[in-house]
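Novice: Got work.txt for you, compact mmCIF, C-alpha atoms:
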# COMPACT_ATOMS: atom_id res chain seq x y z
CA MET A 1 -18.37 9.15 -8.35
CA THR A 2 -14.80 8.17 -7.56
CA GLN A 3 -12.47 11.16 -7.39
CA HIS A 4 -9.43 9.88 -5.49
CA ILE A 5 -8.08 6.34 -5.44
CA LEU A 6 -5.58 5.02 -2.93
CA CYS A 7 -3.70 1.91 -4.04
CA SER A 8 -1.98 0.09 -1.20
CA ILE A 9 0.92 -2.11 -2.29
CA ASP A 10 3.33 -4.52 -0.64
CA MET A 11 6.87 -3.76 -1.84
CA THR A 12 8.02 -7.25 -0.88
CA HIS A 13 5.94 -8.64 -3.78
CA MET A 14 7.03 -6.41 -6.67
CA ASP A 15 5.35 -8.30 -9.53
CA GLU A 16 2.03 -8.23 -7.74
CA ALA A 17 2.56 -4.58 -6.81
CA ARG A 18 3.10 -3.72 -10.50
CA SER A 19 -0.06 -5.56 -11.49
CA LEU A 20 -2.07 -3.86 -8.76
CA LEU A 21 -0.73 -0.44 -9.80
CA LYS A 22 -1.73 -1.04 -13.41
CA GLU A 23 -5.26 -1.99 -12.37
CA ALA A 24 -5.49 1.08 -10.13
CA GLU A 25 -4.31 3.24 -13.03
CA LYS A 26 -7.03 1.81 -15.29
CA LEU A 27 -9.69 2.73 -12.74
CA ALA A 28 -8.19 6.17 -12.12
CA GLU A 29 -8.15 6.79 -15.86
CA PHE A 30 -11.74 5.57 -16.24
CA TYR A 31 -13.03 7.84 -13.47
CA GLY A 32 -10.65 10.73 -14.13
CA ALA A 33 -9.56 10.29 -10.51
CA ALA A 34 -6.43 11.32 -8.65
CA LEU A 35 -4.16 8.43 -7.66
CA SER A 36 -2.19 7.90 -4.46
CA VAL A 37 0.04 4.89 -3.84
CA ALA A 38 0.93 3.75 -0.34
CA THR A 39 3.24 1.16 1.14
CA VAL A 40 3.77 0.32 4.79
CA LEU A 41 6.95 -0.70 6.61
CA LEU A 42 6.57 -2.72 9.77
CA ASP A 43 7.67 -0.84 12.88
CA TYR A 44 10.20 -3.01 14.66
CA ASN A 45 11.51 -0.11 16.80
CA SER A 46 8.90 -0.57 19.48
CA SER A 47 9.72 -4.24 19.92
CA TRP A 48 12.63 -6.06 21.48
CA VAL A 49 14.01 -6.66 17.98
CA GLY A 50 14.46 -2.91 17.50
CA SER A 51 17.12 -2.83 20.18
CA PHE A 52 19.47 -4.72 17.84
CA PHE A 53 19.45 -1.97 15.20
CA LYS A 54 21.30 1.32 15.32
CA ASP A 55 19.27 4.51 15.73
CA GLY A 56 18.04 5.86 12.42
CA THR A 57 17.82 2.51 10.66
CA LEU A 58 14.04 2.67 10.29
CA LYS A 59 14.28 6.26 9.00
CA GLU A 60 16.82 5.12 6.41
CA ALA A 61 14.54 2.21 5.45
CA ALA A 62 11.63 4.62 4.99
CA ALA A 63 13.74 6.84 2.72
CA ALA A 64 14.83 3.80 0.70
CA ALA A 65 11.22 2.61 0.48
CA ASN A 66 10.16 6.05 -0.75
CA ASP A 67 12.82 5.95 -3.49
CA ALA A 68 11.80 2.40 -4.45
CA LEU A 69 8.12 3.39 -4.51
CA HIS A 70 8.84 6.32 -6.83
CA THR A 71 10.86 4.05 -9.13
CA LEU A 72 8.18 1.36 -9.16
CA VAL A 73 5.41 3.84 -9.98
CA ARG A 74 7.50 5.51 -12.68
CA GLU A 75 8.24 2.12 -14.31
CA ALA A 76 4.73 0.66 -13.94
CA LEU A 77 2.84 3.83 -14.90
CA PRO A 78 5.10 5.75 -17.30
CA GLU A 79 2.20 7.79 -18.72
CA ARG A 80 0.82 8.89 -15.35
CA GLU A 81 1.92 12.43 -14.60
CA GLN A 82 0.78 12.89 -11.03
CA VAL A 83 0.85 10.27 -8.29
CA GLN A 84 1.01 10.92 -4.57
CA HIS A 85 3.53 8.58 -2.90
CA ILE A 86 2.92 7.59 0.71
CA VAL A 87 5.28 5.58 2.92
CA LYS A 88 3.94 4.75 6.37
CA ILE A 89 5.47 2.88 9.30
CA GLY A 90 3.46 0.67 11.63
CA VAL A 91 0.75 -1.97 11.53
CA VAL A 92 -0.20 -2.40 7.87
CA TYR A 93 -3.98 -2.21 8.01
CA GLU A 94 -3.94 0.64 10.55
CA GLN A 95 -1.58 2.69 8.41
CA VAL A 96 -3.60 2.06 5.24
CA LEU A 97 -6.73 3.25 7.04
CA GLU A 98 -4.84 6.35 8.18
CA ALA A 99 -3.60 7.00 4.63
CA ILE A 100 -7.18 6.84 3.30
CA THR A 101 -8.13 9.72 5.56
CA GLU A 102 -4.91 11.69 5.01
CA CYS A 103 -5.13 11.69 1.21
CA GLY A 104 -8.91 12.03 1.03
CA ALA A 105 -9.44 8.85 -0.97
CA ASP A 106 -12.95 7.69 -1.72
CA LEU A 107 -11.84 4.28 -3.00
CA VAL A 108 -9.03 2.07 -1.72
CA ILE A 109 -7.57 -0.77 -3.75
CA VAL A 110 -5.71 -3.60 -2.03
CA GLY A 111 -4.35 -6.89 -3.26
CA ALA A 112 -5.03 -10.29 -1.76
CA HIS A 113 -3.21 -13.58 -2.08
CA LYS A 114 -4.92 -16.91 -2.27
CA PRO A 115 -5.85 -17.48 1.37
CA ASP A 116 -4.03 -20.12 3.33
CA ILE A 117 -4.87 -21.50 6.76
CA ALA A 118 -3.02 -18.68 8.56
CA ASP A 119 -5.09 -16.06 6.71
CA LYS A 120 -8.29 -17.83 7.70
CA LEU A 121 -7.27 -17.87 11.34
CA LEU A 122 -5.65 -14.44 11.64
CA GLY A 123 -7.32 -12.39 8.92
CA PRO A 124 -5.17 -10.76 6.23
CA ASN A 125 -4.58 -7.02 6.08
CA SER A 126 -6.79 -6.68 3.00
CA ALA A 127 -9.73 -8.16 4.91
CA ARG A 128 -9.16 -5.79 7.81
CA VAL A 129 -8.96 -2.81 5.49
CA ALA A 130 -12.16 -3.89 3.72
CA ARG A 131 -13.95 -4.42 7.03
CA LEU A 132 -12.83 -1.17 8.68
CA SER A 133 -12.43 1.25 5.78
CA PRO A 134 -14.59 4.38 5.80
CA VAL A 135 -14.70 4.23 1.97
CA SER A 136 -15.38 1.60 -0.67
CA THR A 137 -12.69 -1.06 -0.94
CA LEU A 138 -11.75 -3.08 -3.99
CA VAL A 139 -9.84 -6.25 -3.19
CA LEU A 140 -8.07 -7.69 -6.22
CA ARG A 141 -7.00 -11.30 -6.05
CA MET A 142 -3.38 -11.42 -7.18
Step by step, read the file and then write its structure as structure tokens.

Specialist:
Amino acid sequence: MTQHILCSIDMTHMDEARSLLKEAEKLAEFYGAALSVATVLLDYNSSWVGSFFKDGTLKEAAAAANDALHTLVREALPEREQVQHIVKIGVVYEQVLEAITECGADLVIVGAHKPDIADKLLGPNSARVARLSPVSTLVLRM
């Protein structure tokens, strides 16, 4: 039985994130499960690009993402009283896998776009999460 659902969303696609949250809420309601919502910021600090930004920029971005995540969840799920908000920094699929373990989820929900040639060659994050996740994964086509 599902007791804790982790919904991983991409904040750069807000309409899809809202839809994914609503589907996750339906499942959480059905199972009587706890709900966590995660988003991941790419870590540019470790690359050459990071040298062009002042110190603390990524920390500020994480704080802004946390505020935006709270707002999105509040707007998309106004009836939901408790939601754990998770903002991670790094490689998307790796951070989602880490969040699964950290929050104790037994089901992860991720969205997927219609695959294009790049996805077929490189493998999207949702496919990596599904392949490597220690728990059941629901991939919703958005």

Novice: I want to know what sits within 12 Å of A:Val73, based on only C-alpha atoms, with residues of the same chain fewer than 5 positions away left out; could you give that as a PyMOL selection string?

Specialist: chain A and resi 7+9+11+14+17-22+24-25+35-39+66-68+78-86

Novice: Counting all atoms listed in the file, which residues of stretch 38-105 of chain A sit at most 8 Å from some atom of stretch 123-141 of chain A, and what is each one's closest atom pair with its distance in Å to one decimal, listed by chain and rising residue number, as CSV?

Specialist:
residue,atom,partner,partner_atom,distance
A:Val92,CA,A:Asn125,CA,6.6
A:Tyr93,CA,A:Asn125,CA,5.2
A:Glu94,CA,A:Val129,CA,7.9
A:Val96,CA,A:Val129,CA,7.2
A:Leu97,CA,A:Ser133,CA,6.2
A:Ala105,CA,A:Val135,CA,7.6

Novice: What does the distance from atom CA of A:Leu6 to atom CA of A:Ala65 come to in Å, to one decimal?

Specialist: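 Answer for the atom CA of A:Leu6 to atom CA of A:Ala65 separation: 17.3 Å.
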
Novice: Which residue out of A:Met142, A:Val87, A:Met1, A:Val40 has the minimum interatomic distance to A:His70 when only C-alpha atoms are used?

Specialist: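 Comparing A:Met142, A:Val87, A:Met1, A:Val40 against A:His70, the winner is A:Val87.
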
Novice: Measuring between all atoms listed in the file, which one of A:Glu98, A:Asp55, A:Glu29, A:Glu60 shows the shortest distance to A:Ile5?

Specialist: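 Of A:Glu98, A:Asp55, A:Glu29, A:Glu60, the one nearest A:Ile5, counting all atoms listed in the file, is A:Glu29.
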
Novice: Quick one: pull the distance between atom CA of A:Lys59 and atom CA of A:Leu77, Å, one decimal.

Specialist: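 Calculated distance between atom CA of A:Lys59 and atom CA of A:Leu77 is 26.6 Å.
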
Novice: Which residue gives the smallest distance to A:His4 among A:Ala76, A:Ala112, A:Cys103, A:Leu42, with all atoms listed in the file counted?

Specialist: A:Cys103

Novice: In Å, how far is it from atom CA of A:Leu58 to atom CA of A:Ile109?

Specialist: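 Computing it gives 26.0 Å between the two atoms.
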
Novice: Would you please work out which residue, of A:Arg74, A:Val91, A:Leu107, A:Lys114, is nearest to A:Thr2 when using all atoms listed in the file?

Specialist: A:Leu107

Novice: Model the absent atoms of stretch 64-100 of chain A so that N, CA and C atoms are present, and write the result as a short mmCIF file (atom, residue, chain, number, x, y, z; two decimals), in the frame of the given file.

Specialist:
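Saved to part-v6.cif:
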data_model
loop_
_atom_site.label_atom_id
_atom_site.label_comp_id
_atom_site.auth_asym_id
_atom_site.auth_seq_id
_atom_site.Cartn_x
_atom_site.Cartn_y
_atom_site.Cartn_z
N ALA A 64 14.58 4.77 1.78
CA ALA A 64 14.83 3.80 0.70
C ALA A 64 13.51 3.30 0.11
N ALA A 65 12.53 3.06 0.95
CA ALA A 65 11.22 2.61 0.48
C ALA A 65 10.56 3.69 -0.37
N ASN A 66 10.71 4.94 0.03
CA ASN A 66 10.16 6.05 -0.75
C ASN A 66 10.79 6.11 -2.14
N ASP A 67 12.12 5.96 -2.19
CA ASP A 67 12.82 5.95 -3.49
C ASP A 67 12.35 4.77 -4.34
N ALA A 68 12.24 3.60 -3.72
CA ALA A 68 11.80 2.40 -4.45
C ALA A 68 10.36 2.55 -4.93
N LEU A 69 9.52 3.17 -4.12
CA LEU A 69 8.12 3.39 -4.51
C LEU A 69 8.04 4.32 -5.71
N HIS A 70 8.81 5.40 -5.69
CA HIS A 70 8.84 6.32 -6.83
C HIS A 70 9.31 5.60 -8.10
N THR A 71 10.34 4.80 -7.97
CA THR A 71 10.86 4.05 -9.13
C THR A 71 9.83 3.07 -9.66
N LEU A 72 9.20 2.33 -8.76
CA LEU A 72 8.18 1.36 -9.16
C LEU A 72 7.03 2.04 -9.89
N VAL A 73 6.53 3.13 -9.35
CA VAL A 73 5.41 3.84 -9.98
C VAL A 73 5.83 4.39 -11.34
N ARG A 74 7.01 4.96 -11.42
CA ARG A 74 7.50 5.51 -12.68
C ARG A 74 7.61 4.42 -13.75
N GLU A 75 8.09 3.24 -13.36
CA GLU A 75 8.24 2.12 -14.31
C GLU A 75 6.89 1.50 -14.68
N ALA A 76 6.01 1.33 -13.70
CA ALA A 76 4.73 0.66 -13.94
C ALA A 76 3.73 1.58 -14.64
N LEU A 77 3.81 2.88 -14.36
CA LEU A 77 2.84 3.83 -14.90
C LEU A 77 3.56 4.99 -15.60
N PRO A 78 4.29 4.70 -16.67
CA PRO A 78 5.10 5.75 -17.30
C PRO A 78 4.30 6.93 -17.85
N GLU A 79 3.03 6.72 -18.16
CA GLU A 79 2.20 7.79 -18.72
C GLU A 79 1.54 8.65 -17.65
N ARG A 80 1.50 8.17 -16.43
CA ARG A 80 0.82 8.89 -15.35
C ARG A 80 1.68 10.05 -14.88
N GLU A 81 1.13 11.26 -14.95
CA GLU A 81 1.92 12.43 -14.60
C GLU A 81 1.95 12.72 -13.11
N GLN A 82 0.81 12.56 -12.44
CA GLN A 82 0.78 12.89 -11.03
C GLN A 82 0.32 11.70 -10.20
N VAL A 83 1.17 11.33 -9.25
CA VAL A 83 0.85 10.27 -8.29
C VAL A 83 1.39 10.72 -6.94
N GLN A 84 0.55 10.63 -5.93
CA GLN A 84 1.01 10.92 -4.57
C GLN A 84 1.61 9.64 -4.01
N HIS A 85 2.82 9.72 -3.48
CA HIS A 85 3.53 8.58 -2.90
C HIS A 85 3.47 8.68 -1.38
N ILE A 86 3.06 7.59 -0.74
CA ILE A 86 2.92 7.59 0.71
C ILE A 86 3.66 6.39 1.28
N VAL A 87 4.59 6.65 2.19
CA VAL A 87 5.28 5.58 2.92
C VAL A 87 4.94 5.76 4.39
N LYS A 88 4.35 4.72 4.97
CA LYS A 88 3.94 4.75 6.37
C LYS A 88 4.72 3.68 7.13
N ILE A 89 4.78 3.84 8.44
CA ILE A 89 5.47 2.88 9.30
C ILE A 89 4.51 2.47 10.40
N GLY A 90 4.34 1.16 10.57
CA GLY A 90 3.46 0.67 11.63
C GLY A 90 2.75 -0.60 11.24
N VAL A 91 1.58 -0.81 11.82
CA VAL A 91 0.75 -1.97 11.53
C VAL A 91 0.07 -1.70 10.18
N VAL A 92 0.20 -2.64 9.26
CA VAL A 92 -0.20 -2.40 7.87
C VAL A 92 -1.63 -1.88 7.75
N TYR A 93 -2.60 -2.63 8.24
CA TYR A 93 -3.98 -2.21 8.01
C TYR A 93 -4.29 -0.88 8.69
N GLU A 94 -3.71 -0.63 9.86
CA GLU A 94 -3.94 0.64 10.55
C GLU A 94 -3.39 1.81 9.75
N GLN A 95 -2.21 1.61 9.18
CA GLN A 95 -1.58 2.69 8.41
C GLN A 95 -2.30 2.93 7.08
N VAL A 96 -2.82 1.88 6.47
CA VAL A 96 -3.60 2.06 5.24
C VAL A 96 -4.86 2.85 5.55
N LEU A 97 -5.52 2.51 6.64
CA LEU A 97 -6.73 3.25 7.04
C LEU A 97 -6.40 4.72 7.31
N GLU A 98 -5.27 4.98 7.92
CA GLU A 98 -4.84 6.35 8.18
C GLU A 98 -4.55 7.08 6.87
N ALA A 99 -3.92 6.39 5.93
CA ALA A 99 -3.60 7.00 4.63
C ALA A 99 -4.86 7.36 3.85
N ILE A 100 -5.91 6.54 3.98
CA ILE A 100 -7.18 6.84 3.30
C ILE A 100 -7.67 8.21 3.73
#
